[in-house]
Amino acid sequence: MKNTTTIYNAVLAIAGSDSGGCAGIQADIKSISANDGFATTAITAITAQNTLGVNAIYPIPTVEIKNQIAAVLTDINIGAIKIGMLQSTQIIKTVTDSLRAYNNIPVVLDPVMVASSGHNLLDNSALEALKLLLPIATLITPNIPEALVLLNIDTISPENMPEMAKKIGKTYKTSVLLKGGHLENCTSLMDVLYVYDTDSLHNFSKTQIDTKNTHGTGCTLSSAIATHIALGCTLKDAVQKGITYTHQAIVAGKRKELGQGNGPVNHFYKLY
């Protein structure tokens, strides 16, 4: 009987570290692992944060970010890349330059600008640099506040979400998952996927969950989508699987408690 080997479905997460374990690279690792991927990482910043908020951000030197990315990509067969918090112009440019030689690897980019606590996670001067990074992504996953910044507008309604998702995609030449979780006074929420290559729109509806444990949902969702892309799913199917997983993780974690503020989702609910 021959010995057979299988290759890990590896995903590279490029993001900041959350000392509280709810979001950032910690959420990425949990989400990738829970969705049957193998998580590799390049850490862009260390944050001092907990469930109550972000107290401080310590950027990693750009040469070390470059070294981390190179170490992973020159050795490990990466099926997809997830990008989260980049924070500064220098870090954004470093990541952009590091990925130029690997444009065959799908990229899911969560354009992290503001933490759920309201803390600014992106320097104002870095916004234009981030906009230049967006076209290299296979998919970007902005929430409503981030979409407002990308479009330079004041409001988005449930009715015009498809139009706005398409406008972001056309502007930045990439596919877009516009997340509706920040819409107010809605019992049923909608996420809208605009697929740039096919110029098509797809709606995903979900029930809003009454819970404060949503810290790290954006990281969790984007990492889950990247993992399913690495597993061979189409973009639409990867988004659907990622949304379903994240929604179920929120439901499973809604009555759990961690710290005094906004807790995490239950990433490993399938194990219990």
# chains A, B, ... in the order shown; residues from 1 in each chain; ligands from 1

call {"tool": "select_by_dssp", "arguments": {"residues": "stretch 173-220 of chain A", "states": "alpha helix (DSSP H)", "output": "short mmCIF file (atom, residue, chain, number, x, y, z; two decimals) with N, CA and C atoms, in the first residue's frame"}}
result
data_model
loop_
_atom_site.label_atom_id
_atom_site.label_comp_id
_atom_site.auth_asym_id
_atom_site.auth_seq_id
_atom_site.Cartn_x
_atom_site.Cartn_y
_atom_site.Cartn_z
N THR A 217 -15.69 40.46 13.50
CA THR A 217 -16.50 39.81 12.46
C THR A 217 -15.95 40.09 11.06
N GLY A 218 -15.44 41.30 10.83
CA GLY A 218 -14.90 41.62 9.51
C GLY A 218 -13.67 40.78 9.19
N CYS A 219 -12.80 40.62 10.16
CA CYS A 219 -11.61 39.77 9.99
C CYS A 219 -12.03 38.32 9.76
N THR A 220 -12.98 37.87 10.55
CA THR A 220 -13.46 36.49 10.46
C THR A 220 -14.05 36.20 9.09
#

call {"tool": "closest_atom_pairs", "arguments": {"of": "stretch 195-252 of chain A", "to": "stretch 25-33 of chain A", "cutoff": "8 Å", "atoms": "only C-alpha atoms", "output": "JSON lines"}}
result
{"residue": "A:Gly216", "atom": "CA", "partner": "A:Ala27", "partner_atom": "CA", "distance": 6.4}
{"residue": "A:Cys219", "atom": "CA", "partner": "A:Asp28", "partner_atom": "CA", "distance": 6.0}
{"residue": "A:Thr220", "atom": "CA", "partner": "A:Ser31", "partner_atom": "CA", "distance": 5.4}
{"residue": "A:Leu221", "atom": "CA", "partner": "A:Ser31", "partner_atom": "CA", "distance": 7.7}
{"residue": "A:Ser223", "atom": "CA", "partner": "A:Asp28", "partner_atom": "CA", "distance": 5.5}
{"residue": "A:Ala224", "atom": "CA", "partner": "A:Ser31", "partner_atom": "CA", "distance": 5.7}
{"residue": "A:Thr227", "atom": "CA", "partner": "A:Ile32", "partner_atom": "CA", "distance": 5.8}

call {"tool": "atom_distance", "arguments": {"atom1": "atom CA of A:His267", "atom2": "atom CA of A:Ser98"}}
result
29.9 Å

call {"tool": "closest_residue", "arguments": {"among": "A:Ile136, A:Ala147, A:Ile243, A:Leu177", "to": "A:Ser205", "atoms": "only C-alpha atoms"}}
result
A:Ile243

call {"tool": "closest_residue", "arguments": {"among": "A:Ala165, A:Thr44, A:Ala101, A:Thr171", "to": "A:Thr74", "atoms": "only C-alpha atoms"}}
result
A:Ala101

call {"tool": "residues_around", "arguments": {"residues": "A:Tyr8", "least_positions_apart": "3", "cutoff": "12 Å", "atoms": "only C-alpha atoms", "output": "number ranges by chain"}}
result
A: 5, 11, 32-33, 36-40, 76-79, 227, 230-231

call {"tool": "closest_residue", "arguments": {"among": "A:Leu127, A:Ser222, A:Glu163, A:Val239", "to": "A:Asn143", "atoms": "only C-alpha atoms"}}
result
A:Ser222

call {"tool": "closest_residue", "arguments": {"among": "A:Gly232, A:Pro106, A:Gly24, A:Gly180", "to": "A:Thr141", "atoms": "only C-alpha atoms"}}
result
A:Gly180

call {"tool": "residues_around", "arguments": {"residues": "A:Met85", "least_positions_apart": "3", "cutoff": "10 Å", "atoms": "only C-alpha atoms", "output": "PyMOL selection string"}}
result
chain A and resi 14-17+24-25+43-45+88+91-92+109-115+121-122+219

call {"tool": "closest_residue", "arguments": {"among": "A:Pro142, A:Gly259, A:Pro264, A:Gly84", "to": "A:Thr246", "atoms": "only C-alpha atoms"}}
result
A:Pro264

call {"tool": "select_by_dssp", "arguments": {"residues": "stretch 60-228 of chain A", "states": "strand (DSSP E)", "output": "CSV table (one decimal) with all heavy atoms, in the first residue's frame"}}
result
chain,number,residue,atom,x,y,z
A,78,ILE,N,0.7,28.9,-1.3
A,78,ILE,CA,-0.4,29.7,-0.8
A,78,ILE,C,-1.6,29.7,-1.8
A,78,ILE,O,-1.4,30.2,-2.9
A,78,ILE,CB,0.0,31.1,-0.4
A,78,ILE,CG1,1.1,31.0,0.7
A,78,ILE,CG2,-1.2,32.0,0.0
A,78,ILE,CD1,0.6,30.5,2.0
A,79,GLY,N,-2.8,29.3,-1.3
A,79,GLY,CA,-3.9,29.3,-2.2
A,79,GLY,C,-4.7,30.6,-2.2
A,79,GLY,O,-5.4,30.9,-3.2
A,80,ALA,N,-4.5,31.5,-1.2
A,80,ALA,CA,-5.2,32.8,-1.2
A,80,ALA,C,-4.5,33.6,-0.1
A,80,ALA,O,-3.9,33.1,0.8
A,80,ALA,CB,-6.7,32.7,-0.9
A,81,ILE,N,-4.6,34.9,-0.3
A,81,ILE,CA,-4.1,35.9,0.7
A,81,ILE,C,-5.2,36.8,1.2
A,81,ILE,O,-6.0,37.3,0.5
A,81,ILE,CB,-3.0,36.8,0.0
A,81,ILE,CG1,-1.8,36.0,-0.5
A,81,ILE,CG2,-2.5,37.9,1.0
A,81,ILE,CD1,-0.8,36.7,-1.4
A,82,LYS,N,-5.2,36.9,2.5
A,82,LYS,CA,-6.1,37.9,3.2
A,82,LYS,C,-5.3,39.0,3.7
A,82,LYS,O,-4.3,38.8,4.4
A,82,LYS,CB,-6.9,37.2,4.3
A,82,LYS,CG,-7.8,38.2,5.1
A,82,LYS,CD,-7.1,38.7,6.3
A,82,LYS,CE,-7.8,39.9,6.9
A,82,LYS,NZ,-8.9,39.6,7.8
A,83,ILE,N,-5.8,40.3,3.4
A,83,ILE,CA,-5.1,41.4,3.9
A,83,ILE,C,-6.1,42.2,4.9
A,83,ILE,O,-7.2,42.5,4.5
A,83,ILE,CB,-4.6,42.4,2.8
A,83,ILE,CG1,-3.7,41.6,1.9
A,83,ILE,CG2,-4.0,43.6,3.4
A,83,ILE,CD1,-3.3,42.4,0.6
A,107,VAL,N,-6.5,37.5,-3.8
A,107,VAL,CA,-6.3,38.4,-2.6
A,107,VAL,C,-7.7,38.9,-2.2
A,107,VAL,O,-8.5,39.4,-3.0
A,107,VAL,CB,-5.4,39.6,-2.9
A,107,VAL,CG1,-5.4,40.6,-1.7
A,107,VAL,CG2,-4.0,39.2,-3.3
A,108,VAL,N,-8.0,38.6,-0.9
A,108,VAL,CA,-9.2,39.2,-0.3
A,108,VAL,C,-8.7,40.3,0.7
A,108,VAL,O,-7.9,40.1,1.6
A,108,VAL,CB,-10.0,38.1,0.5
A,108,VAL,CG1,-11.2,38.8,1.2
A,108,VAL,CG2,-10.5,37.0,-0.4
A,109,LEU,N,-9.1,41.5,0.4
A,109,LEU,CA,-8.7,42.7,1.2
A,109,LEU,C,-9.8,43.3,2.0
A,109,LEU,O,-10.8,43.7,1.4
A,109,LEU,CB,-8.1,43.7,0.2
A,109,LEU,CG,-7.3,44.9,0.8
A,109,LEU,CD1,-6.3,45.4,-0.2
A,109,LEU,CD2,-8.1,46.0,1.3
A,139,LEU,N,-11.0,40.5,-4.3
A,139,LEU,CA,-12.3,41.0,-3.6
A,139,LEU,C,-11.9,41.9,-2.5
A,139,LEU,O,-10.9,41.7,-1.8
A,139,LEU,CB,-13.0,39.8,-3.0
A,139,LEU,CG,-14.2,40.0,-2.2
A,139,LEU,CD1,-15.4,40.5,-3.1
A,139,LEU,CD2,-14.6,38.8,-1.4
A,140,ILE,N,-12.7,43.0,-2.3
A,140,ILE,CA,-12.6,43.8,-1.2
A,140,ILE,C,-13.9,43.8,-0.4
A,140,ILE,O,-14.9,43.5,-1.0
A,140,ILE,CB,-12.2,45.3,-1.5
A,140,ILE,CG1,-13.3,46.0,-2.3
A,140,ILE,CG2,-10.9,45.4,-2.2
A,140,ILE,CD1,-13.1,47.5,-2.5
A,175,SER,N,-13.7,43.2,-7.5
A,175,SER,CA,-15.0,42.7,-7.0
A,175,SER,C,-15.2,43.3,-5.5
A,175,SER,O,-14.2,43.5,-4.8
A,175,SER,CB,-15.0,41.2,-7.0
A,175,SER,OG,-15.0,40.7,-8.3
A,176,VAL,N,-16.4,43.4,-5.1
A,176,VAL,CA,-16.7,44.1,-3.9
A,176,VAL,C,-17.8,43.3,-3.1
A,176,VAL,O,-18.9,43.0,-3.7
A,176,VAL,CB,-17.2,45.5,-4.1
A,176,VAL,CG1,-17.6,46.2,-2.8
A,176,VAL,CG2,-16.2,46.3,-4.8
A,177,LEU,N,-17.6,43.0,-1.9
A,177,LEU,CA,-18.7,42.6,-1.0
A,177,LEU,C,-19.0,43.7,0.0
A,177,LEU,O,-18.2,44.0,0.9
A,177,LEU,CB,-18.2,41.3,-0.2
A,177,LEU,CG,-19.3,40.8,0.8
A,177,LEU,CD1,-20.6,40.4,0.1
A,177,LEU,CD2,-18.7,39.7,1.7
A,178,LEU,N,-20.1,44.4,-0.3
A,178,LEU,CA,-20.5,45.5,0.6
A,178,LEU,C,-21.4,45.0,1.7
A,178,LEU,O,-22.4,44.4,1.5
A,178,LEU,CB,-21.3,46.6,-0.2
A,178,LEU,CG,-21.8,47.8,0.5
A,178,LEU,CD1,-20.7,48.5,1.3
A,178,LEU,CD2,-22.5,48.7,-0.4
A,188,SER,N,-33.7,42.6,9.1
A,188,SER,CA,-33.1,41.7,8.1
A,188,SER,C,-32.0,42.5,7.4
A,188,SER,O,-32.2,43.6,6.9
A,188,SER,CB,-34.1,41.2,7.1
A,188,SER,OG,-33.5,40.4,6.1
A,189,LEU,N,-30.8,42.0,7.4
A,189,LEU,CA,-29.6,42.6,6.8
A,189,LEU,C,-29.3,42.0,5.5
A,189,LEU,O,-29.5,40.8,5.2
A,189,LEU,CB,-28.4,42.6,7.8
A,189,LEU,CG,-28.6,43.3,9.1
A,189,LEU,CD1,-27.4,43.1,10.0
A,189,LEU,CD2,-28.9,44.7,9.0
A,190,MET,N,-28.6,42.8,4.7
A,190,MET,CA,-28.2,42.3,3.3
A,190,MET,C,-26.8,42.7,3.1
A,190,MET,O,-26.3,43.8,3.4
A,190,MET,CB,-29.1,43.0,2.3
A,190,MET,CG,-28.8,42.5,0.8
A,190,MET,SD,-30.0,43.1,-0.4
A,190,MET,CE,-29.6,44.9,-0.4
A,191,ASP,N,-26.0,41.7,2.5
A,191,ASP,CA,-24.7,42.0,2.0
A,191,ASP,C,-24.8,41.9,0.5
A,191,ASP,O,-25.6,41.0,0.0
A,191,ASP,CB,-23.7,40.9,2.5
A,191,ASP,CG,-23.5,41.0,4.0
A,191,ASP,OD1,-23.7,42.1,4.6
A,191,ASP,OD2,-23.2,39.9,4.6
A,192,VAL,N,-24.1,42.7,-0.2
A,192,VAL,CA,-24.2,42.7,-1.7
A,192,VAL,C,-22.8,42.4,-2.3
A,192,VAL,O,-21.8,43.1,-2.0
A,192,VAL,CB,-24.7,44.1,-2.2
A,192,VAL,CG1,-24.7,44.1,-3.7
A,192,VAL,CG2,-26.1,44.4,-1.7
A,193,LEU,N,-22.8,41.4,-3.2
A,193,LEU,CA,-21.6,41.1,-3.9
A,193,LEU,C,-21.6,41.6,-5.3
A,193,LEU,O,-22.6,41.3,-6.0
A,193,LEU,CB,-21.3,39.6,-3.9
A,193,LEU,CG,-20.2,39.0,-4.8
A,193,LEU,CD1,-18.9,39.5,-4.3
A,193,LEU,CD2,-20.3,37.5,-4.9
A,194,TYR,N,-20.7,42.4,-5.7
A,194,TYR,CA,-20.5,42.8,-7.1
A,194,TYR,C,-19.3,42.1,-7.6
A,194,TYR,O,-18.2,42.3,-7.1
A,194,TYR,CB,-20.3,44.3,-7.2
A,194,TYR,CG,-19.9,44.7,-8.6
A,194,TYR,CD1,-20.8,44.6,-9.7
A,194,TYR,CD2,-18.7,45.2,-8.9
A,194,TYR,CE1,-20.5,44.9,-11.0
A,194,TYR,CE2,-18.3,45.5,-10.2
A,194,TYR,CZ,-19.2,45.4,-11.3
A,194,TYR,OH,-18.9,45.7,-12.5
A,195,VAL,N,-19.5,41.3,-8.7
A,195,VAL,CA,-18.4,40.5,-9.3
A,195,VAL,C,-17.9,41.3,-10.5
A,195,VAL,O,-18.6,41.5,-11.5
A,195,VAL,CB,-18.8,39.1,-9.7
A,195,VAL,CG1,-17.6,38.4,-10.3
A,195,VAL,CG2,-19.3,38.4,-8.5
A,200,SER,N,-21.7,41.4,-12.4
A,200,SER,CA,-22.9,40.9,-11.9
A,200,SER,C,-23.1,41.2,-10.4
A,200,SER,O,-22.1,41.4,-9.7
A,200,SER,CB,-23.0,39.3,-12.1
A,200,SER,OG,-21.9,38.7,-11.5
A,201,LEU,N,-24.3,41.2,-10.0
A,201,LEU,CA,-24.7,41.5,-8.6
A,201,LEU,C,-25.4,40.3,-7.9
A,201,LEU,O,-26.2,39.7,-8.6
A,201,LEU,CB,-25.6,42.7,-8.5
A,201,LEU,CG,-24.9,44.1,-8.8
A,201,LEU,CD1,-25.9,45.1,-9.1
A,201,LEU,CD2,-24.1,44.5,-7.5
A,202,HIS,N,-25.1,40.1,-6.6
A,202,HIS,CA,-25.7,39.0,-5.9
A,202,HIS,C,-26.0,39.5,-4.5
A,202,HIS,O,-25.1,40.1,-3.8
A,202,HIS,CB,-24.7,37.8,-5.9
A,202,HIS,CG,-24.2,37.4,-7.2
A,202,HIS,ND1,-24.9,36.5,-8.0
A,202,HIS,CD2,-23.1,37.7,-7.8
A,202,HIS,CE1,-24.2,36.4,-9.2
A,202,HIS,NE2,-23.1,37.1,-9.0
A,203,ASN,N,-27.2,39.2,-4.0
A,203,ASN,CA,-27.6,39.6,-2.7
A,203,ASN,C,-27.6,38.5,-1.7
A,203,ASN,O,-28.0,37.4,-2.1
A,203,ASN,CB,-29.0,40.3,-2.7
A,203,ASN,CG,-29.0,41.5,-3.5
A,203,ASN,OD1,-28.0,42.2,-3.8
A,203,ASN,ND2,-30.2,41.9,-4.0
A,204,PHE,N,-27.2,38.7,-0.5
A,204,PHE,CA,-27.2,37.7,0.6
A,204,PHE,C,-27.9,38.3,1.8
A,204,PHE,O,-27.4,39.2,2.4
A,204,PHE,CB,-25.7,37.3,0.9
A,204,PHE,CG,-24.9,36.8,-0.2
A,204,PHE,CD1,-24.1,37.7,-1.0
A,204,PHE,CD2,-24.9,35.4,-0.6
A,204,PHE,CE1,-23.4,37.2,-2.0
A,204,PHE,CE2,-24.2,35.0,-1.7
A,204,PHE,CZ,-23.4,35.9,-2.4
A,205,SER,N,-29.0,37.7,2.1
A,205,SER,CA,-29.8,38.2,3.3
A,205,SER,C,-29.5,37.4,4.5
A,205,SER,O,-29.2,36.2,4.4
A,205,SER,CB,-31.3,38.1,2.9
A,205,SER,OG,-31.6,38.9,1.9
A,206,LYS,N,-29.6,38.0,5.7
A,206,LYS,CA,-29.4,37.3,7.0
A,206,LYS,C,-30.2,38.1,8.0
A,206,LYS,O,-30.5,39.2,7.9
A,206,LYS,CB,-27.9,37.3,7.3
A,206,LYS,CG,-27.3,38.7,7.3
A,206,LYS,CD,-25.8,38.6,7.5
A,206,LYS,CE,-25.2,40.0,7.4
A,206,LYS,NZ,-23.7,40.0,7.4
A,207,THR,N,-30.5,37.3,9.1
A,207,THR,CA,-31.2,37.9,10.2
A,207,THR,C,-30.2,38.6,11.2
A,207,THR,O,-29.2,38.0,11.5
A,207,THR,CB,-32.0,36.8,11.0
A,207,THR,OG1,-32.9,36.2,10.1
A,207,THR,CG2,-32.8,37.5,12.1

call {"tool": "residues_around", "arguments": {"residues": "A:Thr62", "least_positions_apart": "3", "cutoff": "7 Å", "atoms": "only C-alpha atoms", "output": "PyMOL selection string"}}
result
chain A and resi 65-66+91+94

call {"tool": "write_last_selection", "arguments": {"atoms": "N, CA and C atoms", "output": "tab-separated table (two decimals), in the first residue's frame"}}
result
chain	number	residue	atom	x	y	z
A	65	ILE	N	8.15	43.22	7.82
A	65	ILE	CA	6.91	42.82	7.15
A	65	ILE	C	7.25	42.17	5.81
A	66	LYS	N	8.14	42.82	5.08
A	66	LYS	CA	8.59	42.28	3.78
A	66	LYS	C	9.22	40.91	3.96
A	91	ILE	N	3.61	50.97	5.25
A	91	ILE	CA	3.24	49.56	5.33
A	91	ILE	C	2.44	49.15	4.11
A	94	THR	N	4.76	48.73	1.22
A	94	THR	CA	5.58	47.53	1.40
A	94	THR	C	4.81	46.28	1.00

call {"tool": "residues_around", "arguments": {"residues": "A:Lys256", "least_positions_apart": "6", "cutoff": "12 Å", "atoms": "only C-alpha atoms", "output": "PyMOL selection string"}}
result
chain A and resi 211-214+249-250+262-267+269

call {"tool": "atom_distance", "arguments": {"atom1": "atom CA of A:Thr41", "atom2": "atom CA of A:Lys93"}}
result
17.9 Å
